[in-house]
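**Student:** Take a look at data32.tsv, TSV, C-alpha atoms and all ligand atoms:
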chain	number	residue	atom	x	y	z
A	882	LEU	CA	-63.27	38.72	21.52
A	883	THR	CA	-59.61	39.69	21.34
A	884	LYS	CA	-57.79	39.51	18.01
A	885	ILE	CA	-54.05	40.17	17.82
A	886	ASP	CA	-52.24	40.75	14.52
A	887	VAL	CA	-49.13	38.63	13.98
A	888	LEU	CA	-46.50	38.79	11.19
A	889	ASP	CA	-47.55	40.55	7.96
A	890	LYS	CA	-51.05	39.10	7.45
A	891	GLY	CA	-51.63	36.68	10.32
A	892	TYR	CA	-53.49	36.86	13.61
A	893	VAL	CA	-54.65	34.94	16.64
A	894	ARG	CA	-58.21	35.44	17.81
A	895	LEU	CA	-59.79	34.21	21.00
A	896	VAL	CA	-62.99	32.53	19.85
A	897	ASP	CA	-64.18	31.08	23.15
A	898	THR	CA	-63.16	30.07	26.63
A	899	TYR	CA	-64.48	27.28	28.77
A	900	GLY	CA	-64.14	28.12	32.47
A	901	ASP	CA	-62.14	30.79	34.27
A	902	GLU	CA	-59.83	31.14	37.25
A	903	LEU	CA	-62.69	30.33	39.61
A	904	SER	CA	-63.21	27.04	37.74
A	905	ILE	CA	-59.55	26.16	38.36
A	906	VAL	CA	-59.88	26.98	42.06
A	907	ASN	CA	-62.99	24.85	42.37
A	908	ALA	CA	-61.40	21.96	40.46
A	909	ALA	CA	-58.63	22.06	43.08
A	910	ARG	CA	-61.04	22.42	46.02
A	911	VAL	CA	-62.96	19.28	45.01
A	912	SER	CA	-60.42	17.23	46.97
A	913	TYR	CA	-61.57	19.04	50.17
A	914	ASP	CA	-65.23	18.95	49.11
A	915	GLN	CA	-65.22	22.76	49.11
A	916	LYS	CA	-66.30	25.39	46.62
A	917	SER	CA	-65.70	29.14	46.23
A	918	GLU	CA	-68.55	31.30	44.94
A	919	SER	CA	-66.33	34.18	43.83
A	920	LEU	CA	-62.62	34.69	43.33
A	921	GLU	CA	-61.15	36.10	46.55
A	922	ASP	CA	-57.55	36.76	47.63
A	923	ARG	CA	-57.22	33.33	49.24
A	924	ASP	CA	-58.31	31.78	45.91
A	925	ARG	CA	-55.69	33.80	44.07
A	926	GLY	CA	-53.17	32.52	46.61
A	927	LEU	CA	-54.27	28.96	45.84
A	928	LEU	CA	-53.90	29.59	42.08
A	929	LYS	CA	-50.34	30.83	42.60
A	930	PHE	CA	-49.55	27.79	44.76
A	931	LEU	CA	-50.89	25.43	42.08
A	932	VAL	CA	-48.80	27.04	39.33
A	933	LYS	CA	-45.66	27.33	41.45
A	934	HIS	CA	-45.73	23.69	42.58
A	935	GLU	CA	-46.90	22.37	39.20
A	936	HIS	CA	-50.19	20.95	40.42
A	937	THR	CA	-51.35	20.88	36.84
A	938	SER	CA	-54.57	18.85	36.80
A	939	PRO	CA	-56.90	21.76	37.82
A	940	MET	CA	-55.49	23.64	34.79
A	941	ARG	CA	-56.87	20.89	32.57
A	942	HIS	CA	-60.50	21.72	33.46
A	943	VAL	CA	-60.47	24.99	31.52
A	944	PHE	CA	-60.02	25.52	27.79
A	945	LEU	CA	-59.38	28.26	25.26
A	946	SER	CA	-60.46	28.13	21.63
A	947	VAL	CA	-58.09	30.16	19.49
A	948	GLU	CA	-58.29	30.83	15.76
A	949	PHE	CA	-54.88	31.01	14.11
A	950	ASN	CA	-54.16	32.56	10.74
A	951	ALA	CA	-50.56	31.49	10.24
A	952	PRO	CA	-48.15	30.48	7.47
A	953	LEU	CA	-47.75	26.73	7.13
A	954	LEU	CA	-44.19	26.91	8.41
A	955	VAL	CA	-45.67	28.01	11.74
A	956	ALA	CA	-48.65	25.65	11.60
A	957	ARG	CA	-46.58	22.52	11.07
A	958	GLN	CA	-44.54	23.35	14.18
A	959	HIS	CA	-47.68	24.18	16.13
A	960	TRP	CA	-49.38	20.91	15.15
A	961	ARG	CA	-46.72	18.97	17.07
A	962	HIS	CA	-48.44	20.15	20.28
A	963	ILE	CA	-51.02	17.42	20.38
A	964	VAL	CA	-51.60	16.68	24.07
A	965	GLY	CA	-54.33	18.29	26.16
A	966	ALA	CA	-56.67	19.59	23.50
A	967	SER	CA	-60.38	18.95	23.69
A	968	THR	CA	-60.66	17.09	20.41
A	969	ILE	CA	-57.67	14.83	21.04
A	970	GLU	CA	-60.03	11.82	21.06
A	971	ALA	CA	-60.73	12.52	17.39
A	972	GLY	CA	-57.02	12.21	16.66
A	973	THR	CA	-56.22	15.90	16.22
A	974	PRO	CA	-56.68	19.01	18.35
A	975	PHE	CA	-56.80	21.24	15.26
A	976	SER	CA	-59.53	21.97	12.72
A	977	GLU	CA	-58.23	23.54	9.53
A	978	LEU	CA	-59.82	25.42	6.65
A	979	SER	CA	-59.84	23.23	3.53
A	980	ARG	CA	-58.63	24.54	0.22
A	981	ARG	CA	-60.71	21.78	-1.38
A	982	TYR	CA	-63.84	23.72	-0.37
A	983	VAL	CA	-62.71	27.32	0.08
A	984	ARG	CA	-61.81	29.21	-3.08
A	985	ASP	CA	-60.74	32.59	-1.69
A	986	GLU	CA	-57.40	33.98	-2.87
A	987	PRO	CA	-54.53	32.34	-0.93
A	988	GLU	CA	-52.32	34.66	1.13
A	989	PHE	CA	-48.57	34.34	1.66
A	990	TYR	CA	-46.08	35.37	4.29
A	991	ILE	CA	-43.56	37.80	2.77
A	992	PRO	CA	-41.09	38.81	5.50
A	993	GLU	CA	-39.71	42.35	5.70
A	994	VAL	CA	-36.55	41.25	7.43
A	995	TRP	CA	-34.51	38.23	6.36
A	996	ARG	CA	-32.33	36.68	9.02
A	997	SER	CA	-28.78	35.43	8.61
A	998	ALA	CA	-27.75	31.79	9.05
A	999	PRO	CA	-26.69	31.32	12.70
A	1000	GLU	CA	-23.20	30.67	14.01
A	1001	ASN	CA	-24.63	27.88	16.13
A	1002	SER	CA	-27.28	25.80	14.30
A	1003	LYS	CA	-29.24	25.31	17.56
A	1004	GLN	CA	-30.09	29.03	17.46
A	1005	GLY	CA	-31.98	28.60	14.18
A	1006	SER	CA	-31.14	32.03	12.77
A	1007	GLY	CA	-29.08	35.12	13.51
A	1008	ALA	CA	-29.52	38.88	13.10
A	1009	GLY	CA	-31.19	40.48	10.08
A	1010	ILE	CA	-29.09	40.66	6.91
A	1011	LYS	CA	-28.36	43.98	5.13
A	1012	SER	CA	-31.61	45.82	4.40
A	1013	GLU	CA	-30.92	46.02	0.64
A	1014	TYR	CA	-30.56	42.22	0.54
A	1015	SER	CA	-33.81	41.90	2.49
A	1016	SER	CA	-35.62	44.14	-0.03
A	1017	HIS	CA	-34.22	42.07	-2.89
A	1018	LEU	CA	-35.33	38.76	-1.34
A	1019	ARG	CA	-38.74	40.18	-0.52
A	1020	GLU	CA	-39.21	41.17	-4.15
A	1021	GLN	CA	-37.98	37.75	-5.32
A	1022	LEU	CA	-40.47	35.99	-3.06
A	1023	GLN	CA	-43.31	38.27	-4.19
A	1024	ARG	CA	-42.53	37.38	-7.82
A	1025	HIS	CA	-42.28	33.69	-6.99
A	1026	VAL	CA	-45.70	33.80	-5.28
A	1027	LEU	CA	-47.34	35.64	-8.19
A	1028	SER	CA	-45.98	33.19	-10.74
A	1029	SER	CA	-47.13	30.26	-8.55
A	1030	ILE	CA	-50.63	31.70	-8.31
A	1031	GLU	CA	-50.74	32.06	-12.10
A	1032	LYS	CA	-49.81	28.40	-12.53
A	1033	TYR	CA	-52.32	27.36	-9.86
A	1034	GLU	CA	-55.10	29.27	-11.60
A	1035	SER	CA	-54.20	28.07	-15.08
A	1036	ALA	CA	-54.25	24.45	-13.84
A	1037	MET	CA	-57.79	25.02	-12.57
A	1038	GLU	CA	-58.78	26.64	-15.87
A	1039	LEU	CA	-57.74	23.33	-17.47
A	1040	GLY	CA	-60.29	21.67	-15.18
A	1041	VAL	CA	-57.89	20.39	-12.50
A	1042	ALA	CA	-59.31	20.04	-8.96
A	1043	PRO	CA	-58.14	22.72	-6.46
A	1044	GLU	CA	-56.82	19.94	-4.17
A	1045	GLN	CA	-54.23	19.07	-6.82
A	1046	ALA	CA	-53.73	22.50	-8.44
A	1047	ARG	CA	-52.44	23.74	-5.06
A	1048	LEU	CA	-49.24	21.74	-5.67
A	1049	PHE	CA	-48.12	24.90	-7.49
A	1050	LEU	CA	-48.48	27.08	-4.38
A	1051	PRO	CA	-45.40	27.71	-2.16
A	1052	ALA	CA	-46.74	25.87	0.87
A	1053	TYR	CA	-44.32	27.00	3.58
A	1054	ALA	CA	-45.27	30.64	3.01
A	1055	MET	CA	-48.99	30.06	2.50
A	1056	TYR	CA	-51.34	31.20	5.24
A	1057	THR	CA	-53.80	28.72	6.66
A	1058	ARG	CA	-56.58	29.20	9.20
A	1059	TYR	CA	-57.30	26.72	11.95
A	1060	LEU	CA	-58.91	26.41	15.33
A	1061	TRP	CA	-56.87	25.22	18.33
A	1062	THR	CA	-58.66	24.28	21.54
A	1063	PRO	CA	-56.12	23.39	24.24
A	1064	SER	CA	-56.60	23.11	27.98
A	1065	LEU	CA	-54.90	25.95	29.86
A	1066	HIS	CA	-52.21	23.46	30.88
A	1067	ALA	CA	-51.50	22.54	27.25
A	1068	ALA	CA	-51.54	26.21	26.20
A	1069	LEU	CA	-48.96	27.02	28.90
A	1070	ASN	CA	-46.79	24.12	27.70
A	1071	PHE	CA	-46.96	25.59	24.18
A	1072	VAL	CA	-45.98	29.04	25.48
A	1073	ALA	CA	-43.13	27.68	27.62
A	1074	LEU	CA	-41.59	26.01	24.56
A	1075	ARG	CA	-42.46	28.46	21.80
A	1076	SER	CA	-41.90	31.82	23.53
A	1077	ALA	CA	-38.39	30.64	24.44
A	1078	GLN	CA	-35.40	32.25	22.76
A	1079	ASP	CA	-34.44	29.07	20.87
A	1080	SER	CA	-37.84	28.91	19.19
A	1081	GLN	CA	-38.20	29.99	15.53
A	1082	VAL	CA	-38.95	33.74	15.37
A	1083	GLU	CA	-42.22	33.29	13.46
A	1084	ILE	CA	-43.87	30.80	15.85
A	1085	ARG	CA	-42.47	32.83	18.75
A	1086	GLU	CA	-44.53	35.82	17.56
A	1087	TYR	CA	-47.66	33.65	17.69
A	1088	SER	CA	-46.74	32.28	21.09
A	1089	LEU	CA	-46.28	35.80	22.49
A	1090	ALA	CA	-49.74	36.69	21.16
A	1091	VAL	CA	-51.22	33.57	22.82
A	1092	GLU	CA	-49.59	34.80	26.05
A	1093	ARG	CA	-51.60	38.03	25.76
A	1094	LEU	CA	-54.84	36.01	25.47
A	1095	ILE	CA	-53.94	33.88	28.49
A	1096	GLU	CA	-52.99	36.98	30.48
A	1097	GLU	CA	-56.35	38.58	29.69
A	1098	LYS	CA	-58.44	35.58	30.73
A	1099	PHE	CA	-56.28	33.99	33.44
A	1100	PRO	CA	-54.25	36.90	34.92
A	1101	THR	CA	-53.26	35.32	38.25
A	1102	VAL	CA	-52.16	32.05	36.65
A	1103	TYR	CA	-50.25	33.93	33.98
A	1104	GLU	CA	-48.48	36.20	36.47
A	1105	GLU	CA	-47.23	33.23	38.50
A	1106	PHE	CA	-46.35	31.24	35.37
A	1107	ILE	CA	-44.16	34.07	34.05
A	1108	ARG	CA	-42.54	34.52	37.44
A	1109	GLY	CA	-41.49	30.85	37.32
A	1110	MET	CA	-40.11	30.95	33.74
B	1	LIG	C1	-37.09	24.86	19.74
B	1	LIG	C2	-37.75	23.61	19.28
B	1	LIG	C3	-37.15	22.84	18.31
B	1	LIG	C4	-37.75	21.64	17.86
B	1	LIG	N1	-37.15	20.93	16.89
B	1	LIG	C5	-37.71	19.79	16.44
B	1	LIG	C6	-37.11	19.02	15.41
B	1	LIG	O1	-36.05	19.34	14.93
B	1	LIG	N2	-37.74	17.90	14.98
B	1	LIG	C7	-38.92	17.48	15.52
B	1	LIG	O2	-39.45	16.45	15.11
B	1	LIG	N3	-39.52	18.19	16.50
B	1	LIG	C8	-38.97	19.33	16.97
B	1	LIG	N4	-39.59	20.05	17.94
B	1	LIG	C9	-40.90	19.60	18.42
B	1	LIG	C10	-40.83	18.99	19.84
B	1	LIG	O3	-40.06	17.78	19.84
B	1	LIG	C11	-42.26	18.67	20.35
B	1	LIG	O4	-42.85	17.67	19.55
B	1	LIG	C12	-43.17	19.87	20.31
B	1	LIG	O5	-42.52	21.00	20.85
B	1	LIG	C13	-44.44	19.58	21.11
B	1	LIG	O6	-44.12	19.66	22.47
B	1	LIG	P1	-44.73	18.67	23.54
B	1	LIG	O7	-44.38	17.26	23.20
B	1	LIG	O8	-44.32	19.19	24.89
B	1	LIG	O9	-46.31	18.94	23.32
B	1	LIG	P2	-47.50	17.95	23.44
B	1	LIG	O10	-47.47	16.96	22.34
B	1	LIG	O11	-48.72	18.77	23.54
B	1	LIG	O12	-47.19	17.17	24.78
B	1	LIG	C14	-47.37	17.82	26.03
B	1	LIG	C15	-46.62	17.07	27.13
B	1	LIG	O13	-47.19	15.79	27.29
B	1	LIG	C16	-46.16	14.84	27.61
B	1	LIG	N5	-46.17	13.79	26.58
B	1	LIG	C17	-46.45	13.94	25.28
B	1	LIG	N6	-46.42	12.76	24.65
B	1	LIG	C18	-46.11	11.85	25.57
B	1	LIG	C19	-45.93	10.45	25.56
B	1	LIG	N7	-46.09	9.76	24.43
B	1	LIG	N8	-45.60	9.82	26.70
B	1	LIG	C20	-45.46	10.50	27.84
B	1	LIG	N9	-45.62	11.83	27.95
B	1	LIG	C21	-45.94	12.49	26.83
B	1	LIG	C22	-44.84	15.58	27.65
B	1	LIG	O14	-44.56	15.98	28.98
B	1	LIG	C23	-45.14	16.81	26.82
B	1	LIG	O15	-44.33	17.91	27.18
B	1	LIG	C24	-38.99	21.23	18.41
B	1	LIG	C25	-39.59	22.00	19.41
B	1	LIG	C26	-38.99	23.18	19.85
B	1	LIG	C27	-39.68	24.00	20.91
The structure given in the file should be rewritten as structure tokens.
Ligand SMILES: Cc1cc2nc3c(=O)[nH]c(=O)nc-3n(C[C@H](O)[C@H](O)[C@H](O)COP(=O)(O)OP(=O)(O)OC[C@H]3O[C@@H](n4cnc5c(N)ncnc54)[C@H](O)[C@@H]3O)c2cc1C
**Tutor:**
Amino acid sequence: LTKIDVLDKGYVRLVDTYGDELSIVNAARVSYDQKSESLEDRDRGLLKFLVKHEHTSPMRHVFLSVEFNAPLLVARQHWRHIVGASTIEAGTPFSELSRRYVRDEPEFYIPEVWRSAPENSKQGSGAGIKSEYSSHLREQLQRHVLSSIEKYESAMELGVAPEQARLFLPAYAMYTRYLWTPSLHAALNFVALRSAQDSQVEIREYSLAVERLIEEKFPTVYEEFIRGM
């Protein structure tokens, strides 16, 4: 299924979907004890009506399972979106790769462009700084990462457990992989908040990629959702 590259080494990948636009229509038609066998124009009209008037419950009968490969600075913002995911009963809608068990080389987010501090703190960040400063900072971060990895590995050579040796790794920049399984309603809530202009640039890139997945699988819903934004 669809995989979209994000940032320098990240991606989102659609792993699975549960239900489609017809499922949403039929969840809505239950109240009239009716069912559509295939998605016709009148069903598309109903989908648009549901989105436009925020009749959200039919959108909670379908799910997407999306694999994220994202730096922790993105993940920790994403993990605040806890409502409406299929595993919420277990306390968390996310399943994450564990560095206690997986020993592959960690990867780190090294931005090309470094953004200036904003004039208004609510904006988060401003335009890119001078390109020579960006190159310098990029090189500094690369060096910092390499020296951290050396310390991480030498701790393990001393017999330290990976779960503790990782204290040497620069966590904000480190990529982590996890599975997110929200209802379509929850996914649209994520997109509404994180594709917005006041969202941090990095998570915004992921949110825009999630939009592409939603558009591919739920085109009518997506079209109406975007119209209402
Ligand atoms: C630009 C931006 C800046 C942010 N800055 C900060 C920050 O500085 N510090 C910080 O801690 N967080 C921050 N957040 C996180 C934000 O407060 C939310 O926790 C996060 O966006 C998840 O959104 P959500 O609550 O809508 O998602 P979900 O947790 O998935 O909730 C979905 C919806 O369910 C409803 N809901 C959720 N919980 C309850 C409840 N207990 N009772 C009733 N209804 C509920 C709400 O309608 C909510 O929109 C920021 C978010 C954004 C987008």
**Student:** Record the distance separating CA of Asp901 (chain A) and CA of Met940 (chain A), expressed in Å with one decimal.
**Tutor:**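 Separation of CA of Asp901 (chain A) and CA of Met940 (chain A): 9.8 Å.
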**Student:** Set the distance at 7 Å and use only C-alpha atoms: which residues neighbour region 1059-1066 of chain A once local chain neighbours fewer than 3 positions away are removed? I'd like the list as a ChimeraX atom specification.
**Tutor:** /A:937,940-950,965-967,974-978,1069-1070
**Student:** Considering all atoms listed in the file, give me a table of residues in chain A that are at most 12 Å from ligand LIG 1 (chain B), with the closest atom pair and distance in Å for each, as JSON lines.
**Tutor:**
{"residue": "A:Thr937", "atom": "CA", "partner": "B:LIG1", "partner_atom": "C15", "distance": 11.5}
{"residue": "A:Arg941", "atom": "CA", "partner": "B:LIG1", "partner_atom": "C14", "distance": 11.9}
{"residue": "A:Val955", "atom": "CA", "partner": "B:LIG1", "partner_atom": "C25", "distance": 11.5}
{"residue": "A:Ala956", "atom": "CA", "partner": "B:LIG1", "partner_atom": "C12", "distance": 11.8}
{"residue": "A:Arg957", "atom": "CA", "partner": "B:LIG1", "partner_atom": "C9", "distance": 9.7}
{"residue": "A:Gln958", "atom": "CA", "partner": "B:LIG1", "partner_atom": "C9", "distance": 6.7}
{"residue": "A:His959", "atom": "CA", "partner": "B:LIG1", "partner_atom": "C12", "distance": 7.5}
{"residue": "A:Trp960", "atom": "CA", "partner": "B:LIG1", "partner_atom": "C13", "distance": 7.9}
{"residue": "A:Arg961", "atom": "CA", "partner": "B:LIG1", "partner_atom": "C13", "distance": 4.7}
{"residue": "A:His962", "atom": "CA", "partner": "B:LIG1", "partner_atom": "O11", "distance": 3.6}
{"residue": "A:Ile963", "atom": "CA", "partner": "B:LIG1", "partner_atom": "O10", "distance": 4.1}
{"residue": "A:Val964", "atom": "CA", "partner": "B:LIG1", "partner_atom": "O11", "distance": 3.6}
{"residue": "A:Gly965", "atom": "CA", "partner": "B:LIG1", "partner_atom": "O11", "distance": 6.2}
{"residue": "A:Ala966", "atom": "CA", "partner": "B:LIG1", "partner_atom": "O11", "distance": 8.0}
{"residue": "A:Ser967", "atom": "CA", "partner": "B:LIG1", "partner_atom": "O11", "distance": 11.7}
{"residue": "A:Ile969", "atom": "CA", "partner": "B:LIG1", "partner_atom": "O11", "distance": 10.1}
{"residue": "A:Thr973", "atom": "CA", "partner": "B:LIG1", "partner_atom": "O10", "distance": 10.7}
{"residue": "A:Pro974", "atom": "CA", "partner": "B:LIG1", "partner_atom": "O11", "distance": 9.5}
{"residue": "A:Phe975", "atom": "CA", "partner": "B:LIG1", "partner_atom": "O11", "distance": 11.8}
{"residue": "A:Ser1002", "atom": "CA", "partner": "B:LIG1", "partner_atom": "O1", "distance": 10.9}
{"residue": "A:Lys1003", "atom": "CA", "partner": "B:LIG1", "partner_atom": "C1", "distance": 8.2}
{"residue": "A:Gln1004", "atom": "CA", "partner": "B:LIG1", "partner_atom": "C1", "distance": 8.5}
{"residue": "A:Gly1005", "atom": "CA", "partner": "B:LIG1", "partner_atom": "C1", "distance": 8.4}
{"residue": "A:Ser1006", "atom": "CA", "partner": "B:LIG1", "partner_atom": "C1", "distance": 11.6}
{"residue": "A:Trp1061", "atom": "CA", "partner": "B:LIG1", "partner_atom": "O11", "distance": 11.6}
{"residue": "A:Thr1062", "atom": "CA", "partner": "B:LIG1", "partner_atom": "O11", "distance": 11.5}
{"residue": "A:Pro1063", "atom": "CA", "partner": "B:LIG1", "partner_atom": "O11", "distance": 8.8}
{"residue": "A:Ser1064", "atom": "CA", "partner": "B:LIG1", "partner_atom": "O11", "distance": 10.0}
{"residue": "A:Leu1065", "atom": "CA", "partner": "B:LIG1", "partner_atom": "O11", "distance": 11.4}
{"residue": "A:His1066", "atom": "CA", "partner": "B:LIG1", "partner_atom": "C14", "distance": 8.9}
{"residue": "A:Ala1067", "atom": "CA", "partner": "B:LIG1", "partner_atom": "O11", "distance": 6.0}
{"residue": "A:Ala1068", "atom": "CA", "partner": "B:LIG1", "partner_atom": "O11", "distance": 8.4}
{"residue": "A:Leu1069", "atom": "CA", "partner": "B:LIG1", "partner_atom": "C14", "distance": 9.8}
{"residue": "A:Asn1070", "atom": "CA", "partner": "B:LIG1", "partner_atom": "O8", "distance": 6.2}
{"residue": "A:Phe1071", "atom": "CA", "partner": "B:LIG1", "partner_atom": "O9", "distance": 6.7}
{"residue": "A:Val1072", "atom": "CA", "partner": "B:LIG1", "partner_atom": "C27", "distance": 9.3}
{"residue": "A:Ala1073", "atom": "CA", "partner": "B:LIG1", "partner_atom": "C27", "distance": 8.4}
{"residue": "A:Leu1074", "atom": "CA", "partner": "B:LIG1", "partner_atom": "C27", "distance": 4.6}
{"residue": "A:Arg1075", "atom": "CA", "partner": "B:LIG1", "partner_atom": "C27", "distance": 5.3}
{"residue": "A:Ser1076", "atom": "CA", "partner": "B:LIG1", "partner_atom": "C27", "distance": 8.5}
{"residue": "A:Ala1077", "atom": "CA", "partner": "B:LIG1", "partner_atom": "C1", "distance": 7.6}
{"residue": "A:Gln1078", "atom": "CA", "partner": "B:LIG1", "partner_atom": "C1", "distance": 8.2}
{"residue": "A:Asp1079", "atom": "CA", "partner": "B:LIG1", "partner_atom": "C1", "distance": 5.1}
{"residue": "A:Ser1080", "atom": "CA", "partner": "B:LIG1", "partner_atom": "C1", "distance": 4.2}
{"residue": "A:Gln1081", "atom": "CA", "partner": "B:LIG1", "partner_atom": "C1", "distance": 6.7}
{"residue": "A:Val1082", "atom": "CA", "partner": "B:LIG1", "partner_atom": "C1", "distance": 10.1}
{"residue": "A:Glu1083", "atom": "CA", "partner": "B:LIG1", "partner_atom": "C1", "distance": 11.7}
{"residue": "A:Ile1084", "atom": "CA", "partner": "B:LIG1", "partner_atom": "C27", "distance": 9.5}
{"residue": "A:Arg1085", "atom": "CA", "partner": "B:LIG1", "partner_atom": "C27", "distance": 9.5}
{"residue": "A:Ser1088", "atom": "CA", "partner": "B:LIG1", "partner_atom": "C27", "distance": 10.9}
**Student:** Would you mind reading off the distance between CA of Glu1096 (chain A) and CA of Val932 (chain A), one decimal, in Å?
**Tutor:**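 One can read the CA of Glu1096 (chain A) to CA of Val932 (chain A) distance as 14.0 Å.
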**Student:** Just the residues within 12 Å of Arg1093 (chain A), please, counting only C-alpha atoms, with nothing from its chain fewer than 4 positions along; format it as a count of residues only.
**Tutor:** 23
**Student:** Could you please determine the separation between CA of Val1041 (chain A) and CA of Glu988 (chain A) in Å, to one decimal place?
**Tutor:**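 CA of Glu988 (chain A) lies at a distance of 20.5 Å from CA of Val1041 (chain A).
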**Student:** Using only C-alpha atoms, which residue out of A:Val1026, A:Ser904, A:Leu1050, A:Phe930 lies closest to Glu918 (chain A)?
**Tutor:**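 Closest candidate: A:Ser904.
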